[in-house]
file input_31.txt (compact mmCIF, C-alpha atoms (C1' of nucleotides))
# COMPACT_ATOMS: atom_id res chain seq x y z
CA MET A 664 -61.34 -3.76 -97.37
CA THR A 665 -61.02 -4.43 -93.67
CA ALA A 666 -57.26 -4.90 -93.64
CA ALA A 667 -56.59 -1.62 -91.84
CA LEU A 668 -59.22 -2.40 -89.23
CA LYS A 669 -57.77 -5.86 -88.58
CA GLU A 670 -54.32 -4.44 -88.19
CA HIS A 671 -55.65 -1.81 -85.82
CA ILE A 672 -57.42 -4.38 -83.65
CA LEU A 673 -54.39 -6.66 -83.42
CA LYS A 674 -52.37 -3.75 -82.09
CA HIS A 675 -54.63 -3.65 -79.05
CA ILE A 676 -55.89 -7.14 -78.23
CA GLN A 677 -55.26 -10.80 -78.87
CA ILE A 678 -58.03 -12.45 -80.81
CA SER A 679 -58.51 -15.59 -82.87
CA ASP A 680 -58.69 -15.33 -86.67
CA GLU A 681 -62.28 -16.55 -86.71
CA HIS A 682 -63.47 -14.03 -84.18
CA LEU A 683 -61.57 -11.24 -85.89
CA GLU A 684 -63.13 -12.22 -89.20
CA GLU A 685 -66.60 -12.38 -87.73
CA PHE A 686 -66.27 -9.00 -86.10
CA CYS A 687 -64.94 -7.29 -89.20
CA ASN A 688 -67.71 -8.78 -91.34
CA ALA A 689 -70.24 -6.82 -89.30
CA PHE A 690 -68.93 -3.58 -90.80
CA THR A 691 -70.26 -1.82 -93.88
CA PHE A 692 -67.95 0.06 -96.20
CA GLN A 693 -68.90 3.60 -97.11
CA LYS A 694 -67.41 6.43 -99.14
CA ILE A 695 -68.06 9.98 -98.04
CA ILE A 696 -67.20 12.94 -100.19
CA LYS A 697 -65.77 16.19 -98.86
CA LYS A 698 -68.26 18.35 -96.94
CA GLU A 699 -70.79 15.54 -96.58
CA PHE A 700 -72.15 14.68 -93.15
CA LEU A 701 -71.95 11.33 -91.41
CA LEU A 702 -74.05 12.69 -88.56
CA LYS A 703 -76.05 15.87 -88.05
CA GLU A 704 -77.22 17.51 -84.85
CA GLY A 705 -80.64 16.24 -83.84
CA GLU A 706 -80.20 12.81 -85.44
CA HIS A 707 -79.75 9.61 -83.46
CA CYS A 708 -76.24 8.28 -83.80
CA LYS A 709 -76.75 4.63 -84.63
CA PHE A 710 -73.24 3.75 -85.75
CA GLU A 711 -69.67 3.58 -84.70
CA GLY A 712 -67.19 4.21 -87.51
CA PHE A 713 -63.57 3.37 -88.25
CA VAL A 714 -61.77 5.73 -90.61
CA ILE A 715 -59.83 3.99 -93.38
CA ASN A 716 -58.68 7.19 -95.01
CA GLY A 717 -59.64 10.83 -95.26
CA CYS A 718 -60.39 13.26 -92.48
CA PHE A 719 -63.40 14.23 -90.38
CA LYS A 720 -64.30 16.88 -87.86
CA VAL A 721 -66.56 16.12 -84.91
CA TYR A 722 -68.04 19.35 -83.62
CA HIS A 723 -70.81 21.20 -81.89
CA SER A 724 -72.27 24.47 -83.03
CA ASP A 725 -73.65 26.89 -80.48
CA GLN A 726 -76.54 29.39 -80.68
CA LYS A 727 -74.41 31.96 -82.49
CA GLY A 728 -73.39 29.34 -85.04
CA THR A 729 -69.82 29.18 -83.83
CA GLU A 730 -68.27 25.73 -84.13
CA GLN A 731 -66.42 23.98 -81.34
CA ILE A 732 -64.42 21.04 -82.62
CA LEU A 733 -64.22 18.09 -80.24
CA TYR A 734 -61.69 16.22 -82.33
CA PHE A 735 -60.45 15.44 -85.80
CA ALA A 736 -60.41 11.87 -87.03
CA ILE A 737 -58.06 10.55 -89.69
CA GLU A 738 -56.91 7.04 -90.67
CA ASP A 739 -57.15 4.57 -87.79
CA TRP A 740 -59.46 6.70 -85.63
CA TRP A 741 -62.94 5.82 -84.45
CA ILE A 742 -65.83 8.21 -84.90
CA THR A 743 -69.16 8.32 -83.14
CA ASP A 744 -71.11 10.41 -80.70
CA VAL A 745 -70.75 8.29 -77.57
CA ASP A 746 -73.47 10.25 -75.84
CA SER A 747 -76.15 9.73 -78.46
CA PHE A 748 -74.94 6.22 -79.29
CA THR A 749 -75.20 4.96 -75.71
CA THR A 750 -78.10 6.99 -74.34
CA LEU A 751 -80.19 6.84 -77.55
CA LYS A 752 -80.86 10.56 -77.30
CA PRO A 753 -80.65 12.89 -80.33
CA SER A 754 -77.11 14.02 -80.95
CA GLN A 755 -75.79 17.49 -80.21
CA LEU A 756 -72.83 16.91 -82.51
CA ASN A 757 -72.06 16.97 -86.21
CA ILE A 758 -69.60 14.74 -88.01
CA GLN A 759 -68.49 16.07 -91.38
CA ALA A 760 -65.88 14.94 -93.90
CA LEU A 761 -63.12 17.48 -94.53
CA GLU A 762 -61.77 15.36 -97.40
CA ASN A 763 -63.09 12.57 -99.58
CA SER A 764 -63.00 9.71 -97.13
CA GLU A 765 -63.68 6.02 -96.58
CA VAL A 766 -65.09 4.50 -93.41
CA LEU A 767 -66.26 1.20 -92.02
CA LEU A 768 -69.50 1.40 -90.05
CA ILE A 769 -71.00 -0.94 -87.49
CA SER A 770 -74.52 -0.64 -86.11
CA LYS A 771 -75.33 -0.47 -82.43
CA ALA A 772 -77.28 -3.72 -82.59
CA ASP A 773 -74.45 -5.61 -84.27
CA LYS A 774 -71.88 -4.20 -81.93
CA GLU A 775 -73.83 -5.25 -78.87
CA ALA A 776 -74.52 -8.71 -80.21
CA LEU A 777 -70.79 -9.14 -80.79
CA TYR A 778 -70.04 -7.84 -77.29
CA GLN A 779 -71.92 -10.87 -76.00
CA LYS A 780 -70.47 -13.33 -78.45
CA ILE A 781 -66.84 -12.21 -78.45
CA PRO A 782 -65.57 -11.03 -75.07
CA GLU A 783 -62.32 -9.74 -76.59
CA ILE A 784 -64.39 -7.10 -78.37
CA GLU A 785 -65.61 -5.80 -75.07
CA LYS A 786 -61.99 -5.54 -74.00
CA LEU A 787 -61.06 -3.69 -77.19
CA PHE A 788 -63.65 -1.01 -76.64
CA ARG A 789 -62.79 -0.75 -72.97
CA ILE A 790 -59.19 -0.03 -73.93
CA MET A 791 -60.21 2.47 -76.59
CA SER A 792 -62.49 4.37 -74.26
CA GLN A 793 -59.86 4.46 -71.53
CA LYS A 794 -57.44 5.99 -74.01
CA THR A 795 -60.02 8.56 -75.04
CA LEU A 796 -60.77 9.34 -71.43
CA ILE A 797 -57.11 9.92 -70.62
CA ALA A 798 -56.72 12.15 -73.67
CA LEU A 799 -59.78 14.21 -72.73
CA GLN A 800 -58.52 14.69 -69.17
CA ARG A 801 -55.20 15.94 -70.47
CA ARG A 802 -56.92 18.30 -72.85
CA ILE A 803 -59.06 19.79 -70.10
CA ILE A 804 -56.02 20.44 -67.95
CA GLU A 805 -54.15 21.97 -70.87
CA ASN A 806 -57.08 24.17 -71.81
CA LEU A 807 -57.21 25.41 -68.23
CA SER A 808 -53.50 26.02 -67.76
CA LYS A 809 -51.95 26.99 -71.08
CA THR A 810 -52.05 30.08 -73.27
CA ALA A 811 -53.29 29.99 -76.85
CA ASP A 812 -49.70 30.11 -78.12
CA GLN A 813 -48.70 27.06 -76.14
CA ARG A 814 -51.80 25.13 -77.11
CA TYR A 815 -51.19 25.86 -80.78
CA VAL A 816 -47.61 24.68 -80.59
CA ASP A 817 -48.63 21.58 -78.64
CA PHE A 818 -51.27 20.77 -81.22
CA ILE A 819 -49.09 20.98 -84.32
CA THR A 820 -46.33 19.11 -82.50
CA LYS A 821 -48.62 16.33 -81.31
CA TYR A 822 -50.61 15.94 -84.51
CA PRO A 823 -48.36 17.17 -87.35
CA GLN A 824 -50.02 14.87 -89.89
CA ILE A 825 -53.45 16.26 -89.01
CA ALA A 826 -52.51 19.90 -88.57
CA GLY A 827 -50.97 20.00 -92.04
CA ARG A 828 -54.33 19.22 -93.62
CA LEU A 829 -56.38 21.78 -91.73
CA THR A 830 -57.24 25.43 -92.24
CA ASN A 831 -56.58 28.03 -89.57
CA ILE A 832 -60.31 28.22 -89.05
CA GLN A 833 -60.51 24.57 -88.09
CA ILE A 834 -57.47 24.72 -85.83
CA GLY A 835 -58.97 27.75 -84.12
CA ALA A 836 -62.27 25.98 -83.57
CA TYR A 837 -60.41 23.12 -81.94
CA LEU A 838 -58.24 25.28 -79.70
CA GLY A 839 -60.98 27.74 -78.85
CA ILE A 840 -59.39 30.79 -80.46
CA SER A 841 -60.24 32.97 -83.46
CA HIS A 842 -58.67 32.18 -86.81
CA GLU A 843 -57.19 35.67 -86.93
CA PHE A 844 -55.35 34.94 -83.75
CA VAL A 845 -54.11 31.61 -85.11
CA SER A 846 -52.64 33.58 -87.97
CA ARG A 847 -50.88 35.97 -85.59
CA ILE A 848 -49.47 33.09 -83.56
CA ARG A 849 -48.06 31.52 -86.70
CA ARG A 850 -46.39 34.76 -87.72
CA LYS A 851 -44.88 35.11 -84.26
CA ILE A 852 -43.42 31.62 -84.50
CA VAL A 853 -42.10 32.07 -88.05
CA THR A 854 -40.36 35.36 -87.32
CA LYS A 855 -38.73 33.83 -84.26
CA ASN A 856 -36.79 31.35 -86.44
CA MET B 61 -69.99 -0.23 -44.25
CA THR B 62 -70.51 -1.10 -47.91
CA ALA B 63 -74.23 -0.32 -47.98
CA ALA B 64 -73.80 2.86 -50.02
CA LEU B 65 -71.58 1.05 -52.50
CA LYS B 66 -74.06 -1.78 -52.92
CA GLU B 67 -76.89 0.65 -53.51
CA HIS B 68 -74.77 2.51 -56.04
CA ILE B 69 -73.95 -0.67 -57.96
CA LEU B 70 -77.54 -1.85 -58.09
CA LYS B 71 -78.53 1.44 -59.68
CA HIS B 72 -76.36 0.57 -62.67
CA ILE B 73 -76.31 -3.19 -63.19
CA GLN B 74 -78.08 -6.38 -62.29
CA ILE B 75 -75.99 -8.70 -60.18
CA SER B 76 -76.55 -11.65 -57.86
CA ASP B 77 -76.28 -11.16 -54.11
CA GLU B 78 -73.28 -13.48 -53.87
CA HIS B 79 -71.35 -11.68 -56.60
CA LEU B 80 -72.23 -8.31 -55.12
CA GLU B 81 -71.06 -9.46 -51.73
CA GLU B 82 -67.82 -10.87 -53.10
CA PHE B 83 -67.07 -7.70 -55.00
CA CYS B 84 -67.75 -5.42 -52.04
CA ASN B 85 -65.60 -7.54 -49.75
CA ALA B 86 -62.59 -6.67 -51.87
CA PHE B 87 -62.76 -3.07 -50.66
CA THR B 88 -60.93 -1.59 -47.70
CA PHE B 89 -62.49 1.11 -45.58
CA GLN B 90 -60.43 4.22 -44.92
CA LYS B 91 -60.94 7.53 -43.14
CA ILE B 92 -59.17 10.57 -44.51
CA ILE B 93 -59.02 13.81 -42.61
CA LYS B 94 -59.32 17.22 -44.23
CA LYS B 95 -56.27 18.30 -46.25
CA GLU B 96 -54.79 14.81 -46.35
CA PHE B 97 -53.81 13.28 -49.68
CA LEU B 98 -55.09 10.06 -51.13
CA LEU B 99 -52.67 10.44 -54.05
CA LYS B 100 -49.73 12.74 -54.73
CA GLU B 101 -48.13 13.67 -58.04
CA GLY B 102 -45.30 11.27 -58.86
CA GLU B 103 -46.82 8.31 -57.04
CA HIS B 104 -48.29 5.29 -58.77
CA CYS B 105 -52.04 5.19 -58.41
CA LYS B 106 -52.73 1.65 -57.28
CA PHE B 107 -56.33 2.06 -56.18
CA GLU B 108 -59.78 2.97 -57.27
CA GLY B 109 -61.90 4.58 -54.58
CA PHE B 110 -65.59 5.02 -53.86
CA VAL B 111 -66.51 8.02 -51.72
CA ILE B 112 -68.92 7.23 -48.86
CA ASN B 113 -68.97 10.74 -47.50
CA GLY B 114 -66.88 13.88 -47.53
CA CYS B 115 -65.38 15.71 -50.47
CA PHE B 116 -62.21 15.48 -52.57
CA LYS B 117 -60.52 17.48 -55.28
CA VAL B 118 -58.64 15.81 -58.12
CA TYR B 119 -56.21 18.28 -59.60
CA HIS B 120 -52.98 18.99 -61.42
CA SER B 121 -50.53 21.68 -60.50
CA ASP B 122 -48.43 23.30 -63.19
CA GLN B 123 -44.90 24.73 -63.12
CA LYS B 124 -46.05 27.98 -61.54
CA GLY B 125 -47.84 26.04 -58.81
CA THR B 126 -51.29 26.96 -60.11
CA GLU B 127 -53.88 24.26 -59.58
CA GLN B 128 -56.23 22.99 -62.27
CA ILE B 129 -59.07 20.97 -60.82
CA LEU B 130 -60.23 18.08 -62.96
CA TYR B 131 -63.21 17.29 -60.79
CA PHE B 132 -64.63 17.23 -57.31
CA ALA B 133 -65.83 13.96 -55.79
CA ILE B 134 -68.49 13.69 -53.11
CA GLU B 135 -70.70 10.84 -51.88
CA ASP B 136 -71.28 8.20 -54.54
CA TRP B 137 -68.42 9.27 -56.81
CA TRP B 138 -65.42 7.23 -57.85
CA ILE B 139 -61.93 8.61 -57.53
CA THR B 140 -58.74 7.48 -59.21
CA ASP B 141 -56.21 8.64 -61.76
CA VAL B 142 -57.27 6.51 -64.73
CA ASP B 143 -54.07 7.35 -66.56
CA SER B 144 -51.69 6.18 -63.84
CA PHE B 145 -53.97 3.33 -62.78
CA THR B 146 -54.15 1.78 -66.24
CA THR B 147 -50.75 2.64 -67.70
CA LEU B 148 -48.81 2.06 -64.45
CA LYS B 149 -46.99 5.35 -64.96
CA PRO B 150 -46.39 7.84 -62.13
CA SER B 151 -49.37 10.11 -61.66
CA GLN B 152 -49.50 13.74 -62.70
CA LEU B 153 -52.47 14.34 -60.42
CA ASN B 154 -53.17 14.94 -56.76
CA ILE B 155 -56.20 13.78 -54.84
CA GLN B 156 -56.81 15.64 -51.62
CA ALA B 157 -59.64 15.62 -49.07
CA LEU B 158 -61.43 18.95 -48.70
CA GLU B 159 -63.37 17.63 -45.71
CA ASN B 160 -63.02 14.75 -43.29
CA SER B 161 -64.05 11.87 -45.50
CA GLU B 162 -64.59 8.15 -45.74
CA VAL B 163 -63.76 6.00 -48.76
CA LEU B 164 -63.74 2.40 -49.87
CA LEU B 165 -60.62 1.39 -51.78
CA ILE B 166 -59.97 -1.51 -54.11
CA SER B 167 -56.55 -2.46 -55.44
CA LYS B 168 -55.75 -2.87 -59.10
CA ALA B 169 -54.95 -6.56 -58.66
CA ASP B 170 -58.23 -7.29 -56.90
CA LYS B 171 -60.21 -5.31 -59.40
CA GLU B 172 -58.72 -7.16 -62.33
CA ALA B 173 -59.19 -10.53 -60.71
CA LEU B 174 -62.86 -9.70 -60.19
CA TYR B 175 -63.17 -8.50 -63.78
CA GLN B 176 -62.37 -12.06 -64.79
CA LYS B 177 -64.53 -13.73 -62.21
CA ILE B 178 -67.61 -11.50 -62.36
CA PRO B 179 -68.43 -10.23 -65.84
CA GLU B 180 -71.08 -7.83 -64.49
CA ILE B 181 -68.27 -5.87 -62.88
CA GLU B 182 -66.69 -5.28 -66.23
CA LYS B 183 -70.03 -3.95 -67.38
CA LEU B 184 -70.31 -1.67 -64.36
CA PHE B 185 -66.99 -0.02 -65.07
CA ARG B 186 -67.73 0.24 -68.76
CA ILE B 187 -70.90 2.15 -67.92
CA MET B 188 -69.11 4.38 -65.44
CA SER B 189 -66.34 5.27 -67.86
CA GLN B 190 -68.83 5.99 -70.62
CA LYS B 191 -70.60 8.41 -68.32
CA THR B 192 -67.33 10.07 -67.44
CA LEU B 193 -66.40 10.30 -71.09
CA ILE B 194 -69.67 11.97 -71.99
CA ALA B 195 -69.28 14.44 -69.13
CA LEU B 196 -65.73 15.32 -70.19
CA GLN B 197 -66.81 15.90 -73.79
CA ARG B 198 -69.53 18.25 -72.63
CA ARG B 199 -67.10 20.09 -70.44
CA ILE B 200 -64.63 20.60 -73.27
CA ILE B 201 -67.32 22.02 -75.50
CA GLU B 202 -68.55 24.31 -72.74
CA ASN B 203 -65.04 25.51 -71.95
CA LEU B 204 -64.57 26.32 -75.63
CA SER B 205 -67.85 28.09 -76.18
CA LYS B 206 -68.96 29.76 -72.99
CA THR B 207 -67.83 32.81 -71.04
CA ALA B 208 -66.66 32.60 -67.43
CA ASP B 209 -70.01 33.98 -66.25
CA GLN B 210 -71.98 31.28 -68.03
CA ARG B 211 -69.67 28.52 -66.86
CA TYR B 212 -70.01 29.67 -63.28
CA VAL B 213 -73.78 29.70 -63.45
CA ASP B 214 -73.82 26.31 -65.15
CA PHE B 215 -71.59 24.88 -62.46
CA ILE B 216 -73.58 26.03 -59.46
CA THR B 217 -76.80 25.02 -61.19
CA LYS B 218 -75.54 21.56 -62.13
CA TYR B 219 -73.80 20.78 -58.85
CA PRO B 220 -75.51 22.89 -56.17
CA GLN B 221 -74.69 20.39 -53.43
CA ILE B 222 -70.99 20.50 -54.32
CA ALA B 223 -70.70 24.22 -55.03
CA GLY B 224 -72.11 25.08 -51.64
CA ARG B 225 -69.19 23.37 -49.93
CA LEU B 226 -66.43 24.97 -51.97
CA THR B 227 -64.44 28.18 -51.71
CA ASN B 228 -64.23 30.64 -54.58
CA ILE B 229 -60.63 29.58 -55.00
CA GLN B 230 -61.63 25.99 -55.70
CA ILE B 231 -64.44 26.94 -58.03
CA GLY B 232 -62.04 29.19 -59.91
CA ALA B 233 -59.48 26.41 -60.25
CA TYR B 234 -62.19 24.19 -61.72
CA LEU B 235 -63.53 26.78 -64.15
CA GLY B 236 -60.12 28.14 -65.13
CA ILE B 237 -60.63 31.66 -63.77
CA SER B 238 -59.13 33.64 -60.89
CA HIS B 239 -60.90 33.65 -57.54
CA GLU B 240 -61.15 37.44 -57.68
CA PHE B 241 -63.10 37.11 -60.87
CA VAL B 242 -65.37 34.48 -59.33
CA SER B 243 -66.14 37.03 -56.65
CA ARG B 244 -67.00 39.68 -59.24
CA ILE B 245 -69.26 37.26 -61.10
CA ARG B 246 -71.14 36.50 -57.89
CA ARG B 247 -71.66 40.16 -57.17
CA LYS B 248 -72.94 40.73 -60.68
CA ILE B 249 -75.48 37.91 -60.24
CA VAL B 250 -76.59 39.05 -56.78
CA THR B 251 -77.14 42.67 -57.81
CA LYS B 252 -79.18 41.50 -60.78
CA ASN B 253 -81.82 40.01 -58.48
C1' DC C 179 -62.95 34.50 -115.82
C1' DG C 180 -65.38 35.41 -111.55
C1' DC C 181 -66.74 33.83 -107.23
C1' DG C 182 -66.16 32.08 -102.72
C1' DA C 183 -63.19 30.45 -99.16
C1' DC C 184 -59.08 31.44 -96.85
C1' DG C 185 -55.03 34.01 -94.75
C1' DT C 186 -53.14 38.25 -93.22
C1' DT C 187 -52.89 42.56 -91.04
C1' DG C 188 -54.43 46.83 -88.57
C1' DA C 189 -57.38 49.27 -85.21
C1' DT C 190 -60.19 48.98 -81.47
C1' DT C 191 -62.51 46.74 -77.69
C1' DT C 192 -63.28 43.58 -73.99
C1' DG C 193 -62.93 39.79 -70.79
C1' DC C 194 -60.24 38.40 -67.48
C1' DC C 195 -55.75 38.61 -64.88
C1' DT C 196 -52.49 40.50 -61.60
C1' DC C 197 -51.26 43.05 -57.78
C1' DA C 198 -52.43 45.20 -53.66
C1' DA C 199 -55.08 46.42 -49.70
C1' DC C 200 -58.47 45.49 -46.23
C1' DG C 201 -62.11 43.24 -43.37
C1' DA C 202 -64.29 38.99 -41.94
C1' DT C 203 -64.04 34.35 -40.62
C1' DT C 204 -61.97 30.27 -39.13
C1' DG C 205 -58.78 27.64 -36.78
C1' DT C 206 -55.19 26.85 -33.40
C1' DG C 207 -51.80 26.84 -29.80
C1' DG C 208 -50.69 28.74 -25.41
C1' DC D 83 -60.89 30.83 -23.67
C1' DC D 84 -58.55 34.22 -25.76
C1' DA D 85 -55.04 36.02 -29.09
C1' DC D 86 -52.96 35.54 -33.07
C1' DA D 87 -52.21 33.49 -37.55
C1' DA D 88 -53.98 31.73 -41.59
C1' DT D 89 -57.39 31.58 -44.97
C1' DC D 90 -60.86 33.56 -47.47
C1' DG D 91 -63.88 37.13 -49.83
C1' DT D 92 -64.24 41.63 -51.67
C1' DT D 93 -62.97 45.65 -54.13
C1' DG D 94 -60.07 48.93 -56.85
C1' DA D 95 -56.54 50.13 -60.36
C1' DG D 96 -54.03 48.93 -64.12
C1' DG D 97 -52.49 45.73 -67.72
C1' DC D 98 -52.50 42.14 -71.14
C1' DA D 99 -54.28 38.37 -74.03
C1' DA D 100 -57.39 37.51 -77.23
C1' DA D 101 -61.86 38.86 -79.60
C1' DT D 102 -64.10 41.62 -82.91
C1' DC D 103 -64.61 44.28 -86.97
C1' DA D 104 -63.00 45.61 -91.26
C1' DA D 105 -60.20 45.73 -95.35
C1' DC D 106 -57.50 43.55 -98.75
C1' DG D 107 -54.70 40.04 -101.39
C1' DT D 108 -54.47 35.25 -102.87
C1' DC D 109 -55.72 30.96 -104.33
C1' DG D 110 -58.47 27.13 -106.16
C1' DC D 111 -62.50 25.84 -108.50
C1' DG D 112 -66.82 25.64 -111.30
call {"tool": "encode", "arguments": {"input": "input_31.txt", "output": "structure tokens"}}
result
Amino acid sequence: MTAALKEHILKHIQISDEHLEEFCNAFTFQKIIKKEFLLKEGEHCKFEGFVINGCFKVYHSDQKGTEQILYFAIEDWWITDVDSFTTLKPSQLNIQALENSEVLLISKADKEALYQKIPEIEKLFRIMSQKTLIALQRRIIENLSKTADQRYVDFITKYPQIAGRLTNIQIGAYLGISHEFVSRIRRKIVTKN
Amino acid sequence: MTAALKEHILKHIQISDEHLEEFCNAFTFQKIIKKEFLLKEGEHCKFEGFVINGCFKVYHSDQKGTEQILYFAIEDWWITDVDSFTTLKPSQLNIQALENSEVLLISKADKEALYQKIPEIEKLFRIMSQKTLIALQRRIIENLSKTADQRYVDFITKYPQIAGRLTNIQIGAYLGISHEFVSRIRRKIVTKN
DNA sequence: CGCGACGTTGATTTGCCTCAACGATTGTGG
DNA sequence: CCACAATCGTTGAGGCAAATCAACGTCGCG
């Protein structure tokens, strides 16, 4: 059940078998069917999740009901609303399954208890959040400097295994462009080759 | 010299006087005059800095030479290129003083040694990077969902003490719009009132 | 089968950019 | 201390990237 999680952890830190076991035992397994929500705007995000399989979108919806997708999460990705999780405020984000999926969830209380008990865990999450931070910085710069065409190409090149599973609507909501325009970009690219 | 830093730290964590003293002693004081660089693209970022006074811009410049500003840093802010600092790769960012400024710098080696020795320090930086992460997420969502007008208003409302010191060119490079358009937005707002 | 979600395409509109000109302000070297 | 350069802000004209609105075909699913 936790094999994928263990493998993931060992890619990032060194940790004893006992500690690894103890940490992984704190997780609860959960199946989520397509279109179901793991988190809805207004709720308190009390978990951090590790995706075993399937696909999720983490997004905000504005006054007009338009969705802005912060990121997609597939196998081996973590999902949570860091803001709500750490500040204990109600979340402004939604997390919804785009496919039938399986996740491992850990509660805030358990995670913090294990932070104290197993210092390697603190290191793991420090590394993960540094990686996220670097990725977000790059995305901001790219959003500021590149055209929609370039961002689309970058996205499908960088995440081919995610892009293949998504609709134009979802890709548009991630890139900040309309789905009609995504369609036009694709045509432009196809006719070029 | 390190009074501002000490005050800043105590706002975020609890720490003994001795540990606080030891940590602050690892910093070097440096004056930077306006337009000078603390970091240039291509260099390895070997420091993390705490701004005592003055103002910096952290930015990327693309092929065309256009600048994209990641953030501004004034009193009480940290400056570094997390990417280069943690991965040891050459930086893609520039850090330049917009005013005559004073900073406290700590080297990577010293910082990591103190991580080991003083666990509270690890906590401090975990808290700081969580805050940064949350801010970046919000910024991505706002860049995706809001018009230039709204983003401008948000910016000057959120950071009045920074905005007042900046030129339209710098604000534009942060918001991803031309400085001419910043000017037009300002006129629109002024004539409204 | 029929419905709803999606992709495509066209027509029109709009938000913002680019280029260019000019005045105001700041800074600097003689 | 003044003169000149550099930098900045403003404004206009024109253009382009991308949004919006609308129509239609297709596909998968209950």
call {"tool": "interface_residues", "arguments": {"input": "input_31.txt", "of": "chain A", "to": "chain C", "cutoff": "12 Å", "atoms": "all atoms listed in the file", "output": "VMD selection string"}}
result
chain A and resid 829 to 833 842 to 850
call {"tool": "closest_residue", "arguments": {"input": "input_31.txt", "among": "A:Leu787, A:Thr743, A:Ala736, A:Gln731", "to": "chain B", "atoms": "only C-alpha atoms"}}
result
A:Gln731
call {"tool": "interface_residues", "arguments": {"input": "input_31.txt", "of": "chain D", "to": "chain A", "cutoff": "12 Å", "atoms": "all atoms listed in the file", "output": "list in words"}}
result
DA99, DA100, DA101, DT102 and DC103 of chain D
call {"tool": "closest_residue", "arguments": {"input": "input_31.txt", "among": "B:Ile129, B:Cys105, B:Leu99, B:Ile134", "to": "Lys149 of chain B", "atoms": "only C-alpha atoms"}}
result
B:Cys105
call {"tool": "closest_atom_pairs", "arguments": {"input": "input_31.txt", "of": "chain B", "to": "chain A", "cutoff": "7 Å", "atoms": "all atoms listed in the file", "output": "Markdown table"}}
result
| residue | atom | partner | partner_atom | distance |
| --- | --- | --- | --- | --- |
| B:Gln128 | CA | A:Ile804 | CA | 6.2 |
| B:Leu130 | CA | A:Ile804 | CA | 6.9 |
| B:Val142 | CA | A:Ile797 | CA | 6.8 |
| B:Asp143 | CA | A:Ile797 | CA | 5.7 |
| B:Arg186 | CA | A:Arg789 | CA | 6.6 |
| B:Leu193 | CA | A:Leu796 | CA | 5.7 |
| B:Ile194 | CA | A:Asp746 | CA | 5.7 |
| B:Leu196 | CA | A:Leu799 | CA | 6.6 |
| B:Ile200 | CA | A:Ile803 | CA | 6.5 |
| B:Ile201 | CA | A:Gln731 | CA | 6.2 |
| B:Leu204 | CA | A:Gly839 | CA | 5.0 |
| B:Ser205 | CA | A:Gln731 | CA | 6.8 |
| B:Gly236 | CA | A:Leu807 | CA | 5.1 |
call {"tool": "build_atoms", "arguments": {"input": "input_31.txt", "residues": "segment 771-782 of chain A", "atoms": "N, CA and C atoms", "output": "short mmCIF file (atom, residue, chain, number, x, y, z; two decimals), in the frame of the given file"}}
result
data_model
loop_
_atom_site.label_atom_id
_atom_site.label_comp_id
_atom_site.auth_asym_id
_atom_site.auth_seq_id
_atom_site.Cartn_x
_atom_site.Cartn_y
_atom_site.Cartn_z
N LYS A 771 -75.27 -0.25 -83.88
CA LYS A 771 -75.33 -0.47 -82.43
C LYS A 771 -75.75 -1.91 -82.12
N ALA A 772 -76.76 -2.37 -82.84
CA ALA A 772 -77.28 -3.72 -82.59
C ALA A 772 -76.20 -4.77 -82.83
N ASP A 773 -75.50 -4.65 -83.96
CA ASP A 773 -74.45 -5.61 -84.27
C ASP A 773 -73.32 -5.56 -83.25
N LYS A 774 -72.98 -4.35 -82.87
CA LYS A 774 -71.88 -4.20 -81.93
C LYS A 774 -72.23 -4.87 -80.60
N GLU A 775 -73.45 -4.67 -80.16
CA GLU A 775 -73.83 -5.25 -78.87
C GLU A 775 -73.96 -6.76 -78.93
N ALA A 776 -74.44 -7.26 -80.05
CA ALA A 776 -74.52 -8.71 -80.21
C ALA A 776 -73.11 -9.30 -80.15
N LEU A 777 -72.16 -8.62 -80.77
CA LEU A 777 -70.79 -9.14 -80.79
C LEU A 777 -70.09 -8.98 -79.44
N TYR A 778 -70.52 -7.98 -78.67
CA TYR A 778 -70.04 -7.84 -77.29
C TYR A 778 -70.30 -9.14 -76.53
N GLN A 779 -71.51 -9.65 -76.71
CA GLN A 779 -71.92 -10.87 -76.00
C GLN A 779 -71.13 -12.06 -76.50
N LYS A 780 -71.02 -12.13 -77.82
CA LYS A 780 -70.47 -13.33 -78.45
C LYS A 780 -68.95 -13.40 -78.32
N ILE A 781 -68.31 -12.24 -78.44
CA ILE A 781 -66.84 -12.21 -78.45
C ILE A 781 -66.33 -11.29 -77.35
N PRO A 782 -65.96 -11.86 -76.21
CA PRO A 782 -65.57 -11.03 -75.07
C PRO A 782 -64.35 -10.14 -75.36
#
